[in-house]
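Working notes for the structure below.
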Protein chains: 2
Amino acid sequence: MANSVFSALGHPLRRQVMALLRKGPKTSGELAEAFDASWPTVSRHLNVLKEADMITAERQGTSILYRANTSVLEDAAASILALIGQDNGDDDDYKEAAE
Amino acid sequence: MANSVFSALGHPLRRQVMALLRKGPKTSGELAEAFDASWPTVSRHLNVLKEADMITAERQGTSILYRANTSVLEDAAASILALIGQDNGDDDDYKEAAE
DNA sequence: ATCAAAATTAGCGGTCAAGCTAATTAAGAA
DNA sequence: TTCTTAATTAGCTTGACCGCTAATTTTGAT
């Protein structure tokens, strides 16, 4: 969902995780070592990304492999562009519409 | 900056404000009436958007006109696409890089 | 069964976001 | 000046987020 994806992107560490995963899957340990933050802290950020469906986790023996889910990011970019597109969505009243 | 833009997009009311402003400038009052939230609440959301440089405010007599700043959203969309692009940014170590 | 490594969960303290009502500023009209 | 309307700021409460250390789970090896 849009809320969780944009909120997840709001933290620089999480954007950097996505940038790292762009180049291929990585284990939690590899990701944790790439940052100054403690391992539990990185792990929690990974969980935020997973909740937003931006990454997938797969057990690989003793480690867990994370992969980026690029389609969610494509959708996010598209929804931003829709916000500034000229195609007219002509309703003006958002009362009761907020989640 | 990326942090504030994505965080701002994390709230549905703020995305809806941007969607409304896509169709032309509006006063704070017009925006406040479009939502269920109280006027002060909407006003604070507008301030978040302004801090993120996503809108501009201009006094117009007794009202204040808000306009969308589309270039910031274009940049945001581009930076998401960069996160999933194939062009190789070959550094793997984000230690000390987090803000 | 035991041990070590990988990773998450629990728990704590501090800060920040979100909503409201009430009070205050700013501008224009009478 | 005084009054009304537009909008923000102030103050408060609630809940979420962020970082850490310590404890727990899970897997695989001995």
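Chain identifiers are assigned as A, B, and so on, following the order in which chains appear in the structure tokens; residues are numbered from 1 within each chain, and ligands are numbered from 1 in order of appearance.
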Residues within 12 Å of DG19 in chain D, please, as a list of chain:residue names. Count only C-alpha atoms (C1' of nucleotides); anything in the same chain fewer than 3 positions from it doesn't count.
A:Asp36, A:Ala37, A:Ser38, A:Trp39, A:Pro40, A:Thr41, A:Val42, A:Arg44, A:His45, C:DC12, C:DG13, C:DG14, C:DT15
If we count only C-alpha atoms (C1' of nucleotides) and set the cut-off at 12 Å, which residues sit around Leu9 in chain A, ignoring sequence neighbours fewer than 4 positions away in its own chain? Please answer as an NGL selection string.
(:A and (2-5 or 13-19 or 45-46 or 48-49 or 52 or 54 or 72-73 or 76-77)) or (:B and (2-10 or 76-77 or 79-80 or 83))
If you run DSSP on the backbone, which residues of chain A are strand (DSSP E or B), as a ChimeraX atom specification?
/A:26-27,55-60,63-68
Quick one: write out the picked residues with N, CA and C atoms as a PDB file, in the first residue's frame?
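Dumped to again00.pdb:
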```
ATOM      1  N   LYS A  26      21.031 -10.190  -0.812  1.00  0.00           N
ATOM      2  CA  LYS A  26      22.033 -10.164   0.254  1.00  0.00           C
ATOM      3  C   LYS A  26      21.436 -10.746   1.527  1.00  0.00           C
ATOM      4  N   THR A  27      22.295 -11.284   2.384  1.00  0.00           N
ATOM      5  CA  THR A  27      21.807 -11.796   3.662  1.00  0.00           C
ATOM      6  C   THR A  27      21.688 -10.647   4.659  1.00  0.00           C
ATOM      7  N   ILE A  55      10.640  -5.843  -0.082  1.00  0.00           N
ATOM      8  CA  ILE A  55      11.649  -6.887  -0.182  1.00  0.00           C
ATOM      9  C   ILE A  55      11.002  -8.227   0.176  1.00  0.00           C
ATOM     10  N   THR A  56      11.652  -9.304  -0.247  1.00  0.00           N
ATOM     11  CA  THR A  56      11.203 -10.633   0.158  1.00  0.00           C
ATOM     12  C   THR A  56      12.349 -11.307   0.898  1.00  0.00           C
ATOM     13  N   ALA A  57      11.975 -12.185   1.838  1.00  0.00           N
ATOM     14  CA  ALA A  57      12.981 -12.896   2.633  1.00  0.00           C
ATOM     15  C   ALA A  57      12.860 -14.391   2.357  1.00  0.00           C
ATOM     16  N   GLU A  58      14.001 -15.047   2.201  1.00  0.00           N
ATOM     17  CA  GLU A  58      14.001 -16.476   1.914  1.00  0.00           C
ATOM     18  C   GLU A  58      15.116 -17.152   2.682  1.00  0.00           C
ATOM     19  N   ARG A  59      14.732 -18.127   3.492  1.00  0.00           N
ATOM     20  CA  ARG A  59      15.745 -18.837   4.283  1.00  0.00           C
ATOM     21  C   ARG A  59      16.677 -19.607   3.352  1.00  0.00           C
ATOM     22  N   GLN A  60      17.972 -19.488   3.612  1.00  0.00           N
ATOM     23  CA  GLN A  60      18.976 -20.140   2.768  1.00  0.00           C
ATOM     24  C   GLN A  60      19.979 -20.782   3.717  1.00  0.00           C
ATOM     25  N   SER A  63      21.390 -18.735   6.856  1.00  0.00           N
ATOM     26  CA  SER A  63      21.180 -17.300   6.615  1.00  0.00           C
ATOM     27  C   SER A  63      19.805 -17.041   6.014  1.00  0.00           C
ATOM     28  N   ILE A  64      19.489 -15.786   5.876  1.00  0.00           N
ATOM     29  CA  ILE A  64      18.235 -15.396   5.232  1.00  0.00           C
ATOM     30  C   ILE A  64      18.547 -14.417   4.112  1.00  0.00           C
ATOM     31  N   LEU A  65      18.123 -14.745   2.935  1.00  0.00           N
ATOM     32  CA  LEU A  65      18.423 -13.924   1.758  1.00  0.00           C
ATOM     33  C   LEU A  65      17.309 -12.915   1.504  1.00  0.00           C
ATOM     34  N   TYR A  66      17.695 -11.680   1.324  1.00  0.00           N
ATOM     35  CA  TYR A  66      16.727 -10.638   0.998  1.00  0.00           C
ATOM     36  C   TYR A  66      16.875 -10.218  -0.458  1.00  0.00           C
ATOM     37  N   ARG A  67      15.732 -10.016  -1.079  1.00  0.00           N
ATOM     38  CA  ARG A  67      15.696  -9.552  -2.466  1.00  0.00           C
ATOM     39  C   ARG A  67      14.784  -8.346  -2.577  1.00  0.00           C
ATOM     40  N   ALA A  68      15.148  -7.417  -3.441  1.00  0.00           N
ATOM     41  CA  ALA A  68      14.287  -6.259  -3.693  1.00  0.00           C
ATOM     42  C   ALA A  68      13.088  -6.670  -4.537  1.00  0.00           C
TER      43      ALA A  68
END
```
Sorted per-residue table, chain D near chain B, closest atoms and distance, 8 Å, only C-alpha atoms (C1' of nucleotides), as a tab-separated table:
```
residue	atom	partner	partner_atom	distance
D:DA6	C1'	B:Ser63	CA	6.0
D:DA7	C1'	B:Ser28	CA	7.4
D:DT8	C1'	B:Ser43	CA	7.4
```
List every residue of chain C that has an atom at most 9 Å from any atom of chain B, giving for each one its closest atom pair and the distance in Å to one decimal, counting only C-alpha atoms (C1' of nucleotides), sorted by chain and then by ascending residue number, as JSON lines.
```
{"residue": "C:DA18", "atom": "C1'", "partner": "B:Thr41", "partner_atom": "CA", "distance": 8.2}
{"residue": "C:DG19", "atom": "C1'", "partner": "B:Thr41", "partner_atom": "CA", "distance": 7.0}
{"residue": "C:DC20", "atom": "C1'", "partner": "B:Ser38", "partner_atom": "CA", "distance": 8.0}
{"residue": "C:DA26", "atom": "C1'", "partner": "B:Thr62", "partner_atom": "CA", "distance": 8.0}
{"residue": "C:DA27", "atom": "C1'", "partner": "B:Thr62", "partner_atom": "CA", "distance": 5.3}
{"residue": "C:DG28", "atom": "C1'", "partner": "B:Thr62", "partner_atom": "CA", "distance": 7.1}
```
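Near DT24 in chain D, within 12 Å and counting only C-alpha atoms (C1' of nucleotides), sit DA7, DT8, DT9 and DA10 of chain C; same-chain residues fewer than 4 positions away were not included.
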Dump of all heavy atoms for the selected residues, as a PDB file, in the first residue's frame:
```pdb
ATOM      1  P    DA C   7      22.228 -13.787   8.634  1.00  0.00           P
ATOM      2  OP1  DA C   7      21.705 -14.010   7.289  1.00  0.00           O
ATOM      3  OP2  DA C   7      23.341 -12.836   8.849  1.00  0.00           O
ATOM      4  O5'  DA C   7      21.041 -13.389   9.602  1.00  0.00           O
ATOM      5  C5'  DA C   7      19.875 -14.218   9.596  1.00  0.00           C
ATOM      6  C4'  DA C   7      18.959 -13.858  10.734  1.00  0.00           C
ATOM      7  O4'  DA C   7      19.595 -14.102  11.997  1.00  0.00           O
ATOM      8  C3'  DA C   7      18.534 -12.394  10.795  1.00  0.00           C
ATOM      9  O3'  DA C   7      17.222 -12.282  10.266  1.00  0.00           O
ATOM     10  C2'  DA C   7      18.595 -12.031  12.281  1.00  0.00           C
ATOM     11  C1'  DA C   7      18.890 -13.367  12.956  1.00  0.00           C
ATOM     12  N9   DA C   7      19.721 -13.267  14.147  1.00  0.00           N
ATOM     13  C8   DA C   7      20.993 -12.792  14.237  1.00  0.00           C
ATOM     14  N7   DA C   7      21.490 -12.825  15.454  1.00  0.00           N
ATOM     15  C5   DA C   7      20.468 -13.370  16.220  1.00  0.00           C
ATOM     16  C6   DA C   7      20.356 -13.671  17.590  1.00  0.00           C
ATOM     17  N6   DA C   7      21.336 -13.440  18.478  1.00  0.00           N
ATOM     18  N1   DA C   7      19.188 -14.205  18.021  1.00  0.00           N
ATOM     19  C2   DA C   7      18.213 -14.420  17.135  1.00  0.00           C
ATOM     20  N3   DA C   7      18.192 -14.180  15.822  1.00  0.00           N
ATOM     21  C4   DA C   7      19.368 -13.653  15.420  1.00  0.00           C
ATOM     22  P    DT C   8      16.361 -10.961  10.380  1.00  0.00           P
ATOM     23  OP1  DT C   8      15.370 -10.987   9.281  1.00  0.00           O
ATOM     24  OP2  DT C   8      17.256  -9.812  10.551  1.00  0.00           O
ATOM     25  O5'  DT C   8      15.573 -11.241  11.743  1.00  0.00           O
ATOM     26  C5'  DT C   8      14.914 -12.485  11.884  1.00  0.00           C
ATOM     27  C4'  DT C   8      14.247 -12.604  13.247  1.00  0.00           C
ATOM     28  O4'  DT C   8      15.251 -12.625  14.290  1.00  0.00           O
ATOM     29  C3'  DT C   8      13.294 -11.462  13.577  1.00  0.00           C
ATOM     30  O3'  DT C   8      12.068 -12.020  14.023  1.00  0.00           O
ATOM     31  C2'  DT C   8      14.021 -10.700  14.678  1.00  0.00           C
ATOM     32  C1'  DT C   8      14.843 -11.789  15.345  1.00  0.00           C
ATOM     33  N1   DT C   8      16.086 -11.315  15.991  1.00  0.00           N
ATOM     34  C2   DT C   8      16.278 -11.533  17.334  1.00  0.00           C
ATOM     35  O2   DT C   8      15.485 -12.107  18.036  1.00  0.00           O
ATOM     36  N3   DT C   8      17.479 -11.047  17.822  1.00  0.00           N
ATOM     37  C4   DT C   8      18.460 -10.380  17.114  1.00  0.00           C
ATOM     38  O4   DT C   8      19.480  -9.999  17.654  1.00  0.00           O
ATOM     39  C5   DT C   8      18.185 -10.175  15.711  1.00  0.00           C
ATOM     40  C7   DT C   8      19.180  -9.471  14.833  1.00  0.00           C
ATOM     41  C6   DT C   8      17.028 -10.647  15.232  1.00  0.00           C
ATOM     42  P    DT C   9      10.830 -11.062  14.443  1.00  0.00           P
ATOM     43  OP1  DT C   9       9.585 -11.742  14.015  1.00  0.00           O
ATOM     44  OP2  DT C   9      11.140  -9.701  13.974  1.00  0.00           O
ATOM     45  O5'  DT C   9      10.887 -11.069  16.037  1.00  0.00           O
ATOM     46  C5'  DT C   9      10.956 -12.306  16.725  1.00  0.00           C
ATOM     47  C4'  DT C   9      10.959 -12.054  18.227  1.00  0.00           C
ATOM     48  O4'  DT C   9      12.276 -11.611  18.649  1.00  0.00           O
ATOM     49  C3'  DT C   9       9.979 -10.993  18.713  1.00  0.00           C
ATOM     50  O3'  DT C   9       9.437 -11.443  19.941  1.00  0.00           O
ATOM     51  C2'  DT C   9      10.874  -9.769  18.885  1.00  0.00           C
ATOM     52  C1'  DT C   9      12.152 -10.413  19.373  1.00  0.00           C
ATOM     53  N1   DT C   9      13.423  -9.660  19.146  1.00  0.00           N
ATOM     54  C2   DT C   9      14.314  -9.539  20.190  1.00  0.00           C
ATOM     55  O2   DT C   9      14.116  -9.995  21.301  1.00  0.00           O
ATOM     56  N3   DT C   9      15.455  -8.855  19.875  1.00  0.00           N
ATOM     57  C4   DT C   9      15.801  -8.312  18.655  1.00  0.00           C
ATOM     58  O4   DT C   9      16.856  -7.721  18.493  1.00  0.00           O
ATOM     59  C5   DT C   9      14.816  -8.473  17.609  1.00  0.00           C
ATOM     60  C7   DT C   9      15.078  -7.915  16.248  1.00  0.00           C
ATOM     61  C6   DT C   9      13.681  -9.139  17.893  1.00  0.00           C
ATOM     62  P    DA C  10       8.290 -10.600  20.692  1.00  0.00           P
ATOM     63  OP1  DA C  10       7.181 -11.543  20.913  1.00  0.00           O
ATOM     64  OP2  DA C  10       8.046  -9.355  19.942  1.00  0.00           O
ATOM     65  O5'  DA C  10       8.917 -10.213  22.102  1.00  0.00           O
ATOM     66  C5'  DA C  10      10.206 -10.669  22.473  1.00  0.00           C
ATOM     67  C4'  DA C  10      10.568 -10.139  23.852  1.00  0.00           C
ATOM     68  O4'  DA C  10      11.861  -9.479  23.776  1.00  0.00           O
ATOM     69  C3'  DA C  10       9.630  -9.094  24.437  1.00  0.00           C
ATOM     70  O3'  DA C  10       9.728  -9.130  25.853  1.00  0.00           O
ATOM     71  C2'  DA C  10      10.188  -7.808  23.856  1.00  0.00           C
ATOM     72  C1'  DA C  10      11.697  -8.074  23.933  1.00  0.00           C
ATOM     73  N9   DA C  10      12.479  -7.421  22.882  1.00  0.00           N
ATOM     74  C8   DA C  10      12.166  -7.314  21.554  1.00  0.00           C
ATOM     75  N7   DA C  10      13.073  -6.688  20.835  1.00  0.00           N
ATOM     76  C5   DA C  10      14.062  -6.369  21.767  1.00  0.00           C
ATOM     77  C6   DA C  10      15.290  -5.702  21.638  1.00  0.00           C
ATOM     78  N6   DA C  10      15.758  -5.226  20.486  1.00  0.00           N
ATOM     79  N1   DA C  10      16.031  -5.533  22.755  1.00  0.00           N
ATOM     80  C2   DA C  10      15.561  -6.029  23.923  1.00  0.00           C
ATOM     81  N3   DA C  10      14.418  -6.683  24.165  1.00  0.00           N
ATOM     82  C4   DA C  10      13.701  -6.819  23.032  1.00  0.00           C
TER      83       DA C  10
END
```
Would you list, as a count of residues only, the residues of chain B that end up in alpha helix (DSSP H) under DSSP run on this structure's backbone?
52
